[in-house]
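Pasted below: model17.cif, mmCIF, C-alpha atoms and all ligand atoms.
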data_upload
loop_
_atom_site.group_PDB
_atom_site.id
_atom_site.type_symbol
_atom_site.label_atom_id
_atom_site.label_comp_id
_atom_site.auth_asym_id
_atom_site.auth_seq_id
_atom_site.Cartn_x
_atom_site.Cartn_y
_atom_site.Cartn_z
ATOM 1 C CA MET A 71 2.808 -3.286 19.825
ATOM 2 C CA LYS A 72 -0.292 -2.697 21.916
ATOM 3 C CA TYR A 73 -3.061 -3.847 19.562
ATOM 4 C CA ILE A 74 -1.413 -6.141 17.025
ATOM 5 C CA LYS A 75 0.099 -9.594 17.547
ATOM 6 C CA THR A 76 2.366 -11.190 14.951
ATOM 7 C CA ASP A 77 3.339 -14.843 14.854
ATOM 8 C CA ILE A 78 5.770 -16.162 12.264
ATOM 9 C CA SER A 79 6.162 -19.888 11.748
ATOM 10 C CA ASN A 80 6.969 -22.160 8.778
ATOM 11 C CA GLY A 81 6.856 -19.287 6.295
ATOM 12 C CA ILE A 82 3.422 -18.042 7.428
ATOM 13 C CA GLY A 83 3.046 -14.667 9.129
ATOM 14 C CA THR A 84 -0.170 -14.482 11.139
ATOM 15 C CA ILE A 85 -1.228 -10.976 12.139
ATOM 16 C CA THR A 86 -4.010 -10.647 14.727
ATOM 17 C CA ILE A 87 -5.878 -7.441 15.524
ATOM 18 C CA ASP A 88 -6.175 -7.618 19.278
ATOM 19 C CA ARG A 89 -8.638 -5.147 20.772
ATOM 20 C CA PRO A 90 -11.450 -7.483 21.856
ATOM 21 C CA ASP A 91 -13.030 -5.022 24.318
ATOM 22 C CA ALA A 92 -14.009 -2.854 21.332
ATOM 23 C CA LEU A 93 -14.650 -5.800 18.944
ATOM 24 C CA ASN A 94 -11.264 -4.989 17.348
ATOM 25 C CA ALA A 95 -12.471 -1.538 16.224
ATOM 26 C CA MET A 96 -9.620 0.553 14.895
ATOM 27 C CA ASN A 97 -8.495 3.993 16.026
ATOM 28 C CA SER A 98 -5.426 5.686 14.479
ATOM 29 C CA GLU A 99 -3.052 3.823 16.754
ATOM 30 C CA VAL A 100 -4.416 0.415 15.707
ATOM 31 C CA VAL A 101 -4.327 1.432 12.031
ATOM 32 C CA LEU A 102 -0.686 2.533 12.222
ATOM 33 C CA GLU A 103 0.337 -0.573 14.149
ATOM 34 C CA LEU A 104 -1.388 -2.798 11.577
ATOM 35 C CA ALA A 105 0.389 -1.096 8.656
ATOM 36 C CA HIS A 106 3.689 -1.456 10.505
ATOM 37 C CA ALA A 107 3.103 -5.160 11.242
ATOM 38 C CA PHE A 108 2.356 -5.825 7.571
ATOM 39 C CA GLN A 109 5.427 -3.923 6.405
ATOM 40 C CA SER A 110 7.636 -5.898 8.828
ATOM 41 C CA CYS A 111 6.321 -9.219 7.500
ATOM 42 C CA ILE A 112 6.665 -8.053 3.886
ATOM 43 C CA ASN A 113 10.317 -7.156 4.604
ATOM 44 C CA ASN A 114 10.960 -10.431 6.437
ATOM 45 C CA GLU A 115 12.506 -12.971 4.053
ATOM 46 C CA SER A 116 11.306 -15.924 6.125
ATOM 47 C CA VAL A 117 7.647 -14.967 5.460
ATOM 48 C CA GLY A 118 6.053 -16.131 2.189
ATOM 49 C CA VAL A 119 2.363 -15.654 2.910
ATOM 50 C CA LEU A 120 0.292 -13.692 5.415
ATOM 51 C CA ILE A 121 -2.907 -14.381 7.350
ATOM 52 C CA LEU A 122 -4.944 -11.583 8.954
ATOM 53 C CA THR A 123 -7.539 -12.247 11.653
ATOM 54 C CA GLY A 124 -9.098 -10.720 14.775
ATOM 55 C CA THR A 125 -8.983 -11.798 18.401
ATOM 56 C CA GLY A 126 -12.026 -13.604 19.783
ATOM 57 C CA GLU A 127 -14.997 -15.459 18.379
ATOM 58 C CA LYS A 128 -17.208 -12.477 17.658
ATOM 59 C CA ALA A 129 -15.391 -9.950 15.498
ATOM 60 C CA PHE A 130 -12.806 -9.708 12.752
ATOM 61 C CA VAL A 131 -12.972 -5.894 12.924
ATOM 62 C CA ALA A 132 -16.147 -3.950 13.887
ATOM 63 C CA GLY A 133 -14.949 -0.959 11.878
ATOM 64 C CA ALA A 134 -13.216 2.315 12.442
ATOM 65 C CA ASP A 135 -13.438 3.496 16.040
ATOM 66 C CA ILE A 136 -16.716 5.444 16.172
ATOM 67 C CA LYS A 137 -15.891 7.010 19.536
ATOM 68 C CA SER A 138 -12.696 8.556 18.146
ATOM 69 C CA MET A 139 -14.488 9.740 14.961
ATOM 70 C CA GLN A 140 -17.192 11.485 16.985
ATOM 71 C CA LYS A 141 -14.712 14.226 17.921
ATOM 72 C CA MET A 142 -13.136 14.725 14.484
ATOM 73 C CA ASN A 143 -13.278 17.875 12.363
ATOM 74 C CA PRO A 144 -12.999 17.592 8.538
ATOM 75 C CA GLU A 145 -9.191 17.965 8.563
ATOM 76 C CA GLN A 146 -8.805 15.236 11.161
ATOM 77 C CA ALA A 147 -11.263 13.034 9.234
ATOM 78 C CA LEU A 148 -9.170 13.541 6.079
ATOM 79 C CA GLU A 149 -6.028 12.526 7.942
ATOM 80 C CA PHE A 150 -7.768 9.500 9.536
ATOM 81 C CA GLY A 151 -9.207 8.421 6.190
ATOM 82 C CA LYS A 152 -5.848 8.725 4.433
ATOM 83 C CA THR A 153 -4.077 6.800 7.183
ATOM 84 C CA GLY A 154 -6.648 3.999 6.821
ATOM 85 C CA GLN A 155 -6.427 4.010 3.033
ATOM 86 C CA ASN A 156 -2.616 3.874 3.192
ATOM 87 C CA MET A 157 -2.861 0.856 5.487
ATOM 88 C CA THR A 158 -5.200 -0.906 3.014
ATOM 89 C CA LYS A 159 -2.726 -0.118 0.209
ATOM 90 C CA VAL A 160 0.125 -1.726 2.160
ATOM 91 C CA ILE A 161 -2.006 -4.890 2.371
ATOM 92 C CA GLU A 162 -3.221 -4.783 -1.242
ATOM 93 C CA ASN A 163 0.258 -4.057 -2.647
ATOM 94 C CA SER A 164 1.909 -6.837 -0.656
ATOM 95 C CA PRO A 165 3.988 -9.056 -2.973
ATOM 96 C CA LYS A 166 3.173 -11.900 -0.582
ATOM 97 C CA PRO A 167 -0.452 -13.128 -0.674
ATOM 98 C CA VAL A 168 -2.611 -11.975 2.233
ATOM 99 C CA ILE A 169 -5.492 -14.210 3.364
ATOM 100 C CA ALA A 170 -8.219 -12.715 5.564
ATOM 101 C CA ALA A 171 -9.562 -15.209 8.101
ATOM 102 C CA VAL A 172 -12.843 -13.413 8.836
ATOM 103 C CA ASN A 173 -13.859 -14.779 12.218
ATOM 104 C CA GLY A 174 -16.940 -12.647 12.947
ATOM 105 C CA PHE A 175 -18.167 -9.098 12.249
ATOM 106 C CA ALA A 176 -16.371 -7.392 9.345
ATOM 107 C CA LEU A 177 -18.093 -4.023 9.402
ATOM 108 C CA GLY A 178 -17.227 -0.696 7.804
ATOM 109 C CA GLY A 179 -13.443 -0.407 7.918
ATOM 110 C CA GLY A 180 -13.320 -4.109 8.859
ATOM 111 C CA CYS A 181 -15.047 -5.087 5.612
ATOM 112 C CA GLU A 182 -12.745 -2.670 3.763
ATOM 113 C CA ILE A 183 -9.635 -4.291 5.250
ATOM 114 C CA ALA A 184 -10.936 -7.719 4.177
ATOM 115 C CA LEU A 185 -11.498 -6.281 0.672
ATOM 116 C CA ALA A 186 -7.839 -5.204 0.505
ATOM 117 C CA CYS A 187 -6.704 -8.776 1.266
ATOM 118 C CA HIS A 188 -6.102 -11.097 -1.692
ATOM 119 C CA ILE A 189 -8.189 -14.044 -0.464
ATOM 120 C CA ARG A 190 -11.053 -14.056 2.054
ATOM 121 C CA VAL A 191 -12.285 -17.067 4.029
ATOM 122 C CA ALA A 192 -15.150 -16.529 6.480
ATOM 123 C CA SER A 193 -16.442 -18.484 9.448
ATOM 124 C CA GLU A 194 -20.156 -19.331 9.438
ATOM 125 C CA ASN A 195 -20.845 -16.673 12.100
ATOM 126 C CA ALA A 196 -19.172 -13.890 10.077
ATOM 127 C CA GLN A 197 -21.265 -10.933 9.013
ATOM 128 C CA PHE A 198 -20.278 -8.250 6.549
ATOM 129 C CA ALA A 199 -21.596 -4.695 6.171
ATOM 130 C CA GLN A 200 -20.756 -1.193 5.099
ATOM 131 C CA PRO A 201 -22.986 0.414 7.740
ATOM 132 C CA GLU A 202 -21.476 3.901 7.492
ATOM 133 C CA VAL A 203 -24.723 5.510 6.260
ATOM 134 C CA HIS A 204 -26.307 4.544 9.600
ATOM 135 C CA LEU A 205 -23.783 6.977 11.120
ATOM 136 C CA GLY A 206 -24.234 9.690 8.510
ATOM 137 C CA ILE A 207 -20.853 8.967 6.900
ATOM 138 C CA ILE A 208 -19.595 6.954 3.928
ATOM 139 C CA PRO A 209 -16.958 4.217 3.654
ATOM 140 C CA GLY A 210 -13.557 5.904 3.907
ATOM 141 C CA TRP A 211 -11.027 3.073 3.547
ATOM 142 C CA GLY A 212 -11.822 1.957 0.007
ATOM 143 C CA GLY A 213 -15.297 0.405 0.263
ATOM 144 C CA THR A 214 -16.844 2.456 -2.541
ATOM 145 C CA GLN A 215 -13.955 1.511 -4.850
ATOM 146 C CA ARG A 216 -13.047 -2.104 -4.052
ATOM 147 C CA LEU A 217 -16.481 -3.546 -3.165
ATOM 148 C CA PRO A 218 -18.092 -2.911 -6.610
ATOM 149 C CA LYS A 219 -15.044 -4.436 -8.311
ATOM 150 C CA LEU A 220 -15.405 -7.601 -6.257
ATOM 151 C CA VAL A 221 -19.159 -8.170 -6.078
ATOM 152 C CA GLY A 222 -20.467 -5.991 -8.931
ATOM 153 C CA GLN A 223 -22.085 -2.579 -8.743
ATOM 154 C CA GLY A 224 -25.629 -3.754 -7.922
ATOM 155 C CA GLU A 225 -24.718 -5.758 -4.805
ATOM 156 C CA ALA A 226 -22.199 -3.093 -3.716
ATOM 157 C CA ILE A 227 -24.688 -0.251 -4.020
ATOM 158 C CA GLU A 228 -27.286 -2.194 -2.045
ATOM 159 C CA MET A 229 -24.757 -2.921 0.736
ATOM 160 C CA ILE A 230 -23.468 0.663 0.872
ATOM 161 C CA VAL A 231 -26.742 2.595 0.711
ATOM 162 C CA SER A 232 -28.720 0.201 2.940
ATOM 163 C CA GLY A 233 -25.908 -0.523 5.397
ATOM 164 C CA LYS A 234 -27.513 -3.940 5.935
ATOM 165 C CA MET A 235 -25.691 -6.975 7.298
ATOM 166 C CA VAL A 236 -24.734 -9.676 4.817
ATOM 167 C CA SER A 237 -24.422 -13.220 6.165
ATOM 168 C CA ALA A 238 -21.410 -15.417 5.405
ATOM 169 C CA GLU A 239 -23.653 -17.544 3.165
ATOM 170 C CA LYS A 240 -24.762 -14.519 1.131
ATOM 171 C CA ALA A 241 -21.154 -13.246 1.049
ATOM 172 C CA LEU A 242 -20.133 -16.533 -0.570
ATOM 173 C CA GLN A 243 -22.997 -16.303 -3.044
ATOM 174 C CA ILE A 244 -22.012 -12.798 -4.246
ATOM 175 C CA GLY A 245 -18.271 -13.528 -4.380
ATOM 176 C CA LEU A 246 -17.340 -11.418 -1.363
ATOM 177 C CA VAL A 247 -15.578 -14.450 0.156
ATOM 178 C CA ASN A 248 -13.842 -17.468 -1.363
ATOM 179 C CA ALA A 249 -15.134 -19.995 1.178
ATOM 180 C CA VAL A 250 -17.163 -20.362 4.376
ATOM 181 C CA VAL A 251 -16.202 -22.873 7.056
ATOM 182 C CA SER A 252 -17.070 -23.441 10.703
ATOM 183 C CA LEU A 253 -15.285 -21.168 13.175
ATOM 184 C CA ASP A 254 -13.457 -24.235 14.560
ATOM 185 C CA HIS A 255 -11.985 -24.976 11.114
ATOM 186 C CA LEU A 256 -11.232 -21.395 10.054
ATOM 187 C CA MET A 257 -7.541 -21.165 10.954
ATOM 188 C CA LYS A 258 -6.815 -24.702 9.763
ATOM 189 C CA THR A 259 -8.459 -23.925 6.422
ATOM 190 C CA VAL A 260 -6.528 -20.684 5.833
ATOM 191 C CA GLN A 261 -3.290 -22.367 6.939
ATOM 192 C CA GLY A 262 -3.951 -25.077 4.327
ATOM 193 C CA ILE A 263 -4.366 -22.404 1.638
ATOM 194 C CA ALA A 264 -1.175 -20.694 2.871
ATOM 195 C CA GLU A 265 0.786 -23.967 2.740
ATOM 196 C CA ALA A 266 -0.367 -24.626 -0.840
ATOM 197 C CA ILE A 267 0.787 -21.122 -1.832
ATOM 198 C CA LEU A 268 4.181 -21.675 -0.161
ATOM 199 C CA ARG A 269 4.861 -24.621 -2.490
ATOM 200 C CA ASN A 270 4.919 -22.152 -5.425
ATOM 201 C CA GLY A 271 7.577 -19.713 -6.615
ATOM 202 C CA PRO A 272 7.672 -16.371 -4.756
ATOM 203 C CA GLU A 273 8.625 -14.304 -7.802
ATOM 204 C CA SER A 274 5.878 -15.747 -9.993
ATOM 205 C CA ILE A 275 3.381 -15.213 -7.161
ATOM 206 C CA ALA A 276 4.451 -11.588 -6.681
ATOM 207 C CA LEU A 277 4.281 -10.862 -10.418
ATOM 208 C CA SER A 278 0.874 -12.563 -10.723
ATOM 209 C CA LEU A 279 -0.437 -10.307 -7.957
ATOM 210 C CA GLU A 280 1.019 -7.227 -9.640
ATOM 211 C CA CYS A 281 -0.494 -8.089 -13.038
ATOM 212 C CA ILE A 282 -3.906 -8.650 -11.435
ATOM 213 C CA ARG A 283 -3.624 -5.413 -9.423
ATOM 214 C CA ARG A 284 -2.765 -3.438 -12.558
ATOM 215 C CA SER A 285 -5.735 -4.910 -14.437
ATOM 216 C CA SER A 286 -8.021 -2.490 -12.617
ATOM 217 C CA GLU A 287 -5.873 0.533 -13.528
ATOM 218 C CA LEU A 288 -4.811 -0.220 -17.125
ATOM 219 C CA THR A 289 -6.655 -0.716 -20.407
ATOM 220 C CA LEU A 290 -6.813 -4.327 -21.657
ATOM 221 C CA VAL A 291 -4.098 -3.596 -24.234
ATOM 222 C CA GLU A 292 -1.782 -2.059 -21.599
ATOM 223 C CA GLY A 293 -2.539 -4.855 -19.141
ATOM 224 C CA LEU A 294 -1.785 -7.576 -21.691
ATOM 225 C CA ASP A 295 1.480 -5.790 -22.548
ATOM 226 C CA PHE A 296 2.489 -5.686 -18.868
ATOM 227 C CA GLU A 297 1.525 -9.354 -18.491
ATOM 228 C CA VAL A 298 3.592 -10.576 -21.443
ATOM 229 C CA LYS A 299 6.640 -8.533 -20.367
ATOM 230 C CA SER A 300 6.358 -10.003 -16.871
ATOM 231 C CA PHE A 301 5.987 -13.489 -18.375
ATOM 232 C CA SER A 302 9.147 -12.938 -20.401
ATOM 233 C CA HIS A 303 11.070 -11.373 -17.475
ATOM 234 C CA LEU A 304 10.600 -14.524 -15.396
ATOM 235 C CA PHE A 305 12.620 -16.507 -17.932
ATOM 236 C CA GLU A 306 15.709 -14.640 -16.653
ATOM 237 C CA THR A 307 15.169 -16.017 -13.153
ATOM 238 C CA ALA A 308 16.465 -19.109 -11.370
ATOM 239 C CA GLU A 309 12.921 -19.702 -10.103
ATOM 240 C CA THR A 310 11.501 -20.204 -13.594
ATOM 241 C CA LYS A 311 14.426 -22.412 -14.659
ATOM 242 C CA GLU A 312 13.870 -24.545 -11.560
ATOM 243 C CA GLY A 313 10.096 -24.817 -12.107
ATOM 244 C CA LEU A 314 10.327 -25.830 -15.761
ATOM 245 C CA THR A 315 13.307 -28.166 -15.218
ATOM 246 C CA ALA A 316 11.640 -29.885 -12.248
ATOM 247 C CA PHE A 317 8.598 -30.725 -14.394
ATOM 248 C CA VAL A 318 10.771 -32.169 -17.174
ATOM 249 C CA GLU A 319 12.840 -34.139 -14.618
ATOM 250 C CA LYS A 320 9.627 -35.414 -12.951
ATOM 251 C CA ARG A 321 10.431 -34.036 -9.494
ATOM 252 C CA HIS A 322 8.996 -31.386 -7.184
ATOM 253 C CA PRO A 323 10.492 -27.912 -7.728
ATOM 254 C CA LYS A 324 12.536 -26.405 -4.912
ATOM 255 C CA PHE A 325 11.596 -22.717 -4.907
ATOM 256 C CA ARG A 326 12.361 -21.754 -1.323
ATOM 257 C CA VAL A 327 15.326 -22.553 0.920
HETATM 258 N N1 LIG B 401 -16.050 1.720 17.272
HETATM 259 C C1 LIG B 401 -15.852 1.824 18.606
HETATM 260 N N2 LIG B 401 -16.286 0.932 19.494
HETATM 261 C C2 LIG B 401 -16.976 -0.125 19.023
HETATM 262 C C3 LIG B 401 -17.213 -0.311 17.660
HETATM 263 C C4 LIG B 401 -16.707 0.667 16.756
HETATM 264 N N3 LIG B 401 -16.833 0.544 15.429
HETATM 265 N N4 LIG B 401 -17.924 -1.437 17.484
HETATM 266 C C5 LIG B 401 -18.110 -1.958 18.721
HETATM 267 N N5 LIG B 401 -17.551 -1.166 19.650
HETATM 268 C C6 LIG B 401 -17.528 -1.352 21.096
HETATM 269 C C7 LIG B 401 -18.861 -0.965 21.735
HETATM 270 O O1 LIG B 401 -18.959 0.432 21.923
HETATM 271 C C8 LIG B 401 -18.785 -1.744 23.036
HETATM 272 O O2 LIG B 401 -17.919 -1.056 23.904
HETATM 273 P P1 LIG B 401 -18.458 -0.650 25.407
HETATM 274 O O3 LIG B 401 -18.746 -1.978 26.066
HETATM 275 O O4 LIG B 401 -17.294 0.080 25.990
HETATM 276 O O5 LIG B 401 -19.683 0.170 25.199
HETATM 277 C C9 LIG B 401 -18.064 -3.029 22.635
HETATM 278 O O6 LIG B 401 -17.380 -2.718 21.397
HETATM 279 C C10 LIG B 401 -18.998 -4.184 22.358
HETATM 280 O O7 LIG B 401 -19.963 -3.764 21.415
HETATM 281 P P2 LIG B 401 -21.555 -3.908 21.622
HETATM 282 O O8 LIG B 401 -21.879 -3.864 23.068
HETATM 283 O O9 LIG B 401 -22.217 -2.921 20.739
HETATM 284 O O10 LIG B 401 -21.754 -5.396 21.080
HETATM 285 P P3 LIG B 401 -23.080 -5.995 20.409
HETATM 286 O O11 LIG B 401 -22.860 -7.454 20.300
HETATM 287 O O12 LIG B 401 -24.297 -5.532 21.108
HETATM 288 O O13 LIG B 401 -23.107 -5.347 18.917
HETATM 289 C C11 LIG B 401 -22.124 -4.685 16.824
HETATM 290 C C12 LIG B 401 -22.078 -5.653 18.019
HETATM 291 C C13 LIG B 401 -23.378 -4.979 15.996
HETATM 292 C C14 LIG B 401 -20.898 -4.960 15.975
HETATM 293 C C15 LIG B 401 -22.164 -3.229 17.319
HETATM 294 O O14 LIG B 401 -21.103 -3.052 18.242
HETATM 295 C C16 LIG B 401 -21.992 -2.212 16.223
HETATM 296 O O15 LIG B 401 -22.935 -1.931 15.497
HETATM 297 N N6 LIG B 401 -20.774 -1.634 16.105
HETATM 298 C C17 LIG B 401 -20.502 -0.584 15.143
HETATM 299 C C18 LIG B 401 -20.310 -1.145 13.758
HETATM 300 C C19 LIG B 401 -20.097 -0.035 12.765
HETATM 301 O O16 LIG B 401 -20.934 0.817 12.537
HETATM 302 N N7 LIG B 401 -18.930 -0.040 12.104
HETATM 303 C C20 LIG B 401 -18.583 0.929 11.085
HETATM 304 C C21 LIG B 401 -17.776 2.059 11.667
HETATM 305 S S1 LIG B 401 -17.562 3.406 10.555
HETATM 306 C C22 LIG B 401 -16.236 2.977 9.583
HETATM 307 O O17 LIG B 401 -15.684 1.904 9.690
HETATM 308 C C23 LIG B 401 -15.810 4.029 8.604
HETATM 309 C C24 LIG B 401 -14.796 3.646 7.608
HETATM 310 O O18 LIG B 401 -15.100 3.318 6.492
HETATM 311 C C25 LIG B 401 -13.376 3.700 7.921
#
Do you think you could lay out the structure here as structure tokens?
Amino acid sequence: MKYIKTDISNGIGTITIDRPDALNAMNSEVVLELAHAFQSCINNESVGVLILTGTGEKAFVAGADIKSMQKMNPEQALEFGKTGQNMTKVIENSPKPVIAAVNGFALGGGCEIALACHIRVASENAQFAQPEVHLGIIPGWGGTQRLPKLVGQGEAIEMIVSGKMVSAEKALQIGLVNAVVSLDHLMKTVQGIAEAILRNGPESIALSLECIRRSSELTLVEGLDFEVKSFSHLFETAETKEGLTAFVEKRHPKFRV
């Protein structure tokens, strides 16, 4: 791959968007490569958790590639938008948790990719924005849908219609990120979160993610029904037997080989 690096070690797949000359901005090629890298890690049995970051100390992703969008007609914009949305769905639907290590600017499509991840940790220099209105466009990779769900409609509307930058500190305050750490400690912090996740059962993790995902599509009654059926289903699995038995036997469960 030209723009994406993948490193797999000790159950953690680390995917890095590597286009530093353009602050990791994403044209169609980068988008397709990123979706492909995620799908490969999702299919890889040795990977239990994923980390997404950007190359360099300045940007996570500075957005969709503005230079490539400048030449687009409406049909091409539709295709580009759908390709980006499909990539965010691959991330969001991953049965393995995805942690965004936001190491700098997360703007436009970059903020939207972070929103599709399950957990977000930012470095102190990170800045978030949906600056599309400065360009006479709107967010096209899920910002209008996922941002209000995460931070509430008021904060989301202000970010989207003003396009203003939000500091890492403010992002923490509004719930846009789970934690803020120094840039030097960013990867160590997300690796620590990944290692804690890897101690847990993969099937119960995947089903937890699916229940939570469905909560934004189903009514409360339907969501509770899906949750209790999933809860019950796990009792057919070796993973659940191991987890419950290990507690009773006062030992650590062995969920992964
Ligand atoms: N697309 C294409 N190239 C980009 C880019 C982008 N989104 N962001 C940065 N770059 C390029 C710059 O053009 C520049 O390249 P050249 O040296 O070849 O000119 C290089 O990256 C470095 O950028 P700057 O010189 O501008 O760096 P800076 O430190 O002065 O400013 C910045 C940094 C504030 C992030 C500024 O680059 C910027 O505002 N970038 C655009 C951010 C943006 O608007 N993103 C949203 C895009 S729209 C979108 O994402 C739609 C969607 O929902 C899918």
**OP:** Please provide the set of residues having any atom within 10 Å of A:Gly179, restricted to only C-alpha atoms, with same-chain residues fewer than 6 positions apart removed, written as a PyMOL selection string.
**Re:** chain A and resi 95-96+131-135+151+154-155+158+185+199-202+209-213
Subject >> Test item: which residues lie within 10 Å of (5.0, -5.7, 11.1) counting only C-alpha atoms, as number ranges by chain >> reply: A: 71, 74-76, 83, 85, 103-114
What lies within 6 Å of A:Asn173 using all atoms listed in the file, ignoring chain neighbours under 4 positions off, as a compact mmCIF listing (two decimals) with C-alpha atoms, in the coordinates of the input?
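So around-v4.txt came out as:
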# COMPACT_ATOMS: atom_id res chain seq x y z
CA PHE A 130 -12.81 -9.71 12.75
CA SER A 193 -16.44 -18.48 9.45
CA ALA A 196 -19.17 -13.89 10.08
**OP:** Go ahead and compute the interatomic distance for atom CA of A:Val318 and atom CA of A:His303, in Å to one decimal.
**Re:** 20.8 Å
Subject >> the PyMOL selection byres (((chain A and resi 162) around 7) and not hetatm) applied to the shown file, residues as JSON, numbers by chain >> reply: {"A": [158, 159, 160, 161, 163, 164, 186, 187, 188]}
**OP:** Place a sphere of radius 8 Å on (-16.2, -14.6, 8.8) in the file coordinates and name every protein, DNA or RNA residue with an atom inside or on its surface, counting all atoms listed in the file; give the answer as a PyMOL selection string.
**Re:** chain A and resi 130+171-176+191-198+238+250+253
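The list of residues with at least one atom within 12 Å of stretch 270-272 of chain A, based on all atoms listed in the file and without residues fewer than 6 positions apart in the same chain, reads Gly81, Glu115, Ser116, Val117, Gly118, Val119, Ser164, Pro165, Lys166, Pro167, Ile263, Ala264, Ser278, Leu279, Leu304, Thr307, Ala308, Glu309, Thr310, Lys311, Glu312, Gly313, Leu314, His322, Pro323, Lys324, Phe325, Arg326 and Val327 of chain A.
Take atom C24 of ligand LIG 401 (chain B) and atom CA of A:Val101: the distance between them is 11.6 Å.
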Mind giving me the axis-aligned box for stretch 191-208 of chain A with 4 Å on every side, centre plus edges in Å to one decimal, as lines of an AutoDock Vina configuration file?
center_x = -19.3
center_y = -4.8
center_z = 8.0
size_x = 22.0
size_y = 37.0
size_z = 16.2
Subject >> Which of A:Ile121, A:Ala266, A:Leu242, A:Glu297 sits closest to A:Cys281 [using only C-alpha atoms] >> reply: A:Glu297
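When atom CA of A:Leu102 is paired with atom N2 of ligand LIG 401 (chain B), their separation reads 17.3 Å.
With distances restricted to all atoms listed in the file, A:Gly233 is the closest residue to ligand LIG 401 (chain B) from A:Gly124, A:Gly224, A:Pro144, A:Gly233.
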Original post:
Using only C-alpha atoms, which of A:Thr315, A:Gln140, A:Cys181, A:Glu225 sits nearest A:Lys240?
Top reply: A:Glu225
Subject >> Hits from the PyMOL selection byres (((chain A and resi 190) around 6) and not hetatm), listed as a PyMOL selection string >> reply: chain A and resi 169-170+189+191+247-248
Mind writing the picked residues with C-alpha atoms as a PDB file, in the frame of the given file?
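Heads up, here's the output in selection-v5.pdb:
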ATOM      1  CA  ILE A 169      -5.492 -14.210   3.364  1.00  0.00           C
ATOM      2  CA  ALA A 170      -8.219 -12.715   5.564  1.00  0.00           C
ATOM      3  CA  ILE A 189      -8.189 -14.044  -0.464  1.00  0.00           C
ATOM      4  CA  VAL A 191     -12.285 -17.067   4.029  1.00  0.00           C
ATOM      5  CA  VAL A 247     -15.578 -14.450   0.156  1.00  0.00           C
ATOM      6  CA  ASN A 248     -13.842 -17.468  -1.363  1.00  0.00           C
TER       7      ASN A 248
END
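Distance check against ligand LIG 401 (chain B) using only C-alpha atoms and all ligand atoms: of A:Arg89, A:Lys299, A:Arg283, A:His255, the minimum falls on A:Arg89.
For the set A:Glu149, A:Glu319, A:Glu273, A:Glu265, the residue with the smallest atom-to-atom gap to ligand LIG 401 (chain B) is A:Glu149, counting only C-alpha atoms and all ligand atoms.
Excluding A:Gly126 itself and same-chain residues fewer than 6 positions from it, the residues having an atom within 10 Å of it are Thr86, Ile87, Asp88, Arg89, Pro90, Asp91, Leu93, Asn94, Asn173 and Gly174 of chain A, counting all atoms listed in the file.
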Original post:
Nearest to A:Val236: which of A:Ile275, A:Leu177, A:Val251, A:Ile183 is it, counting all atoms listed in the file?
Top reply: A:Leu177
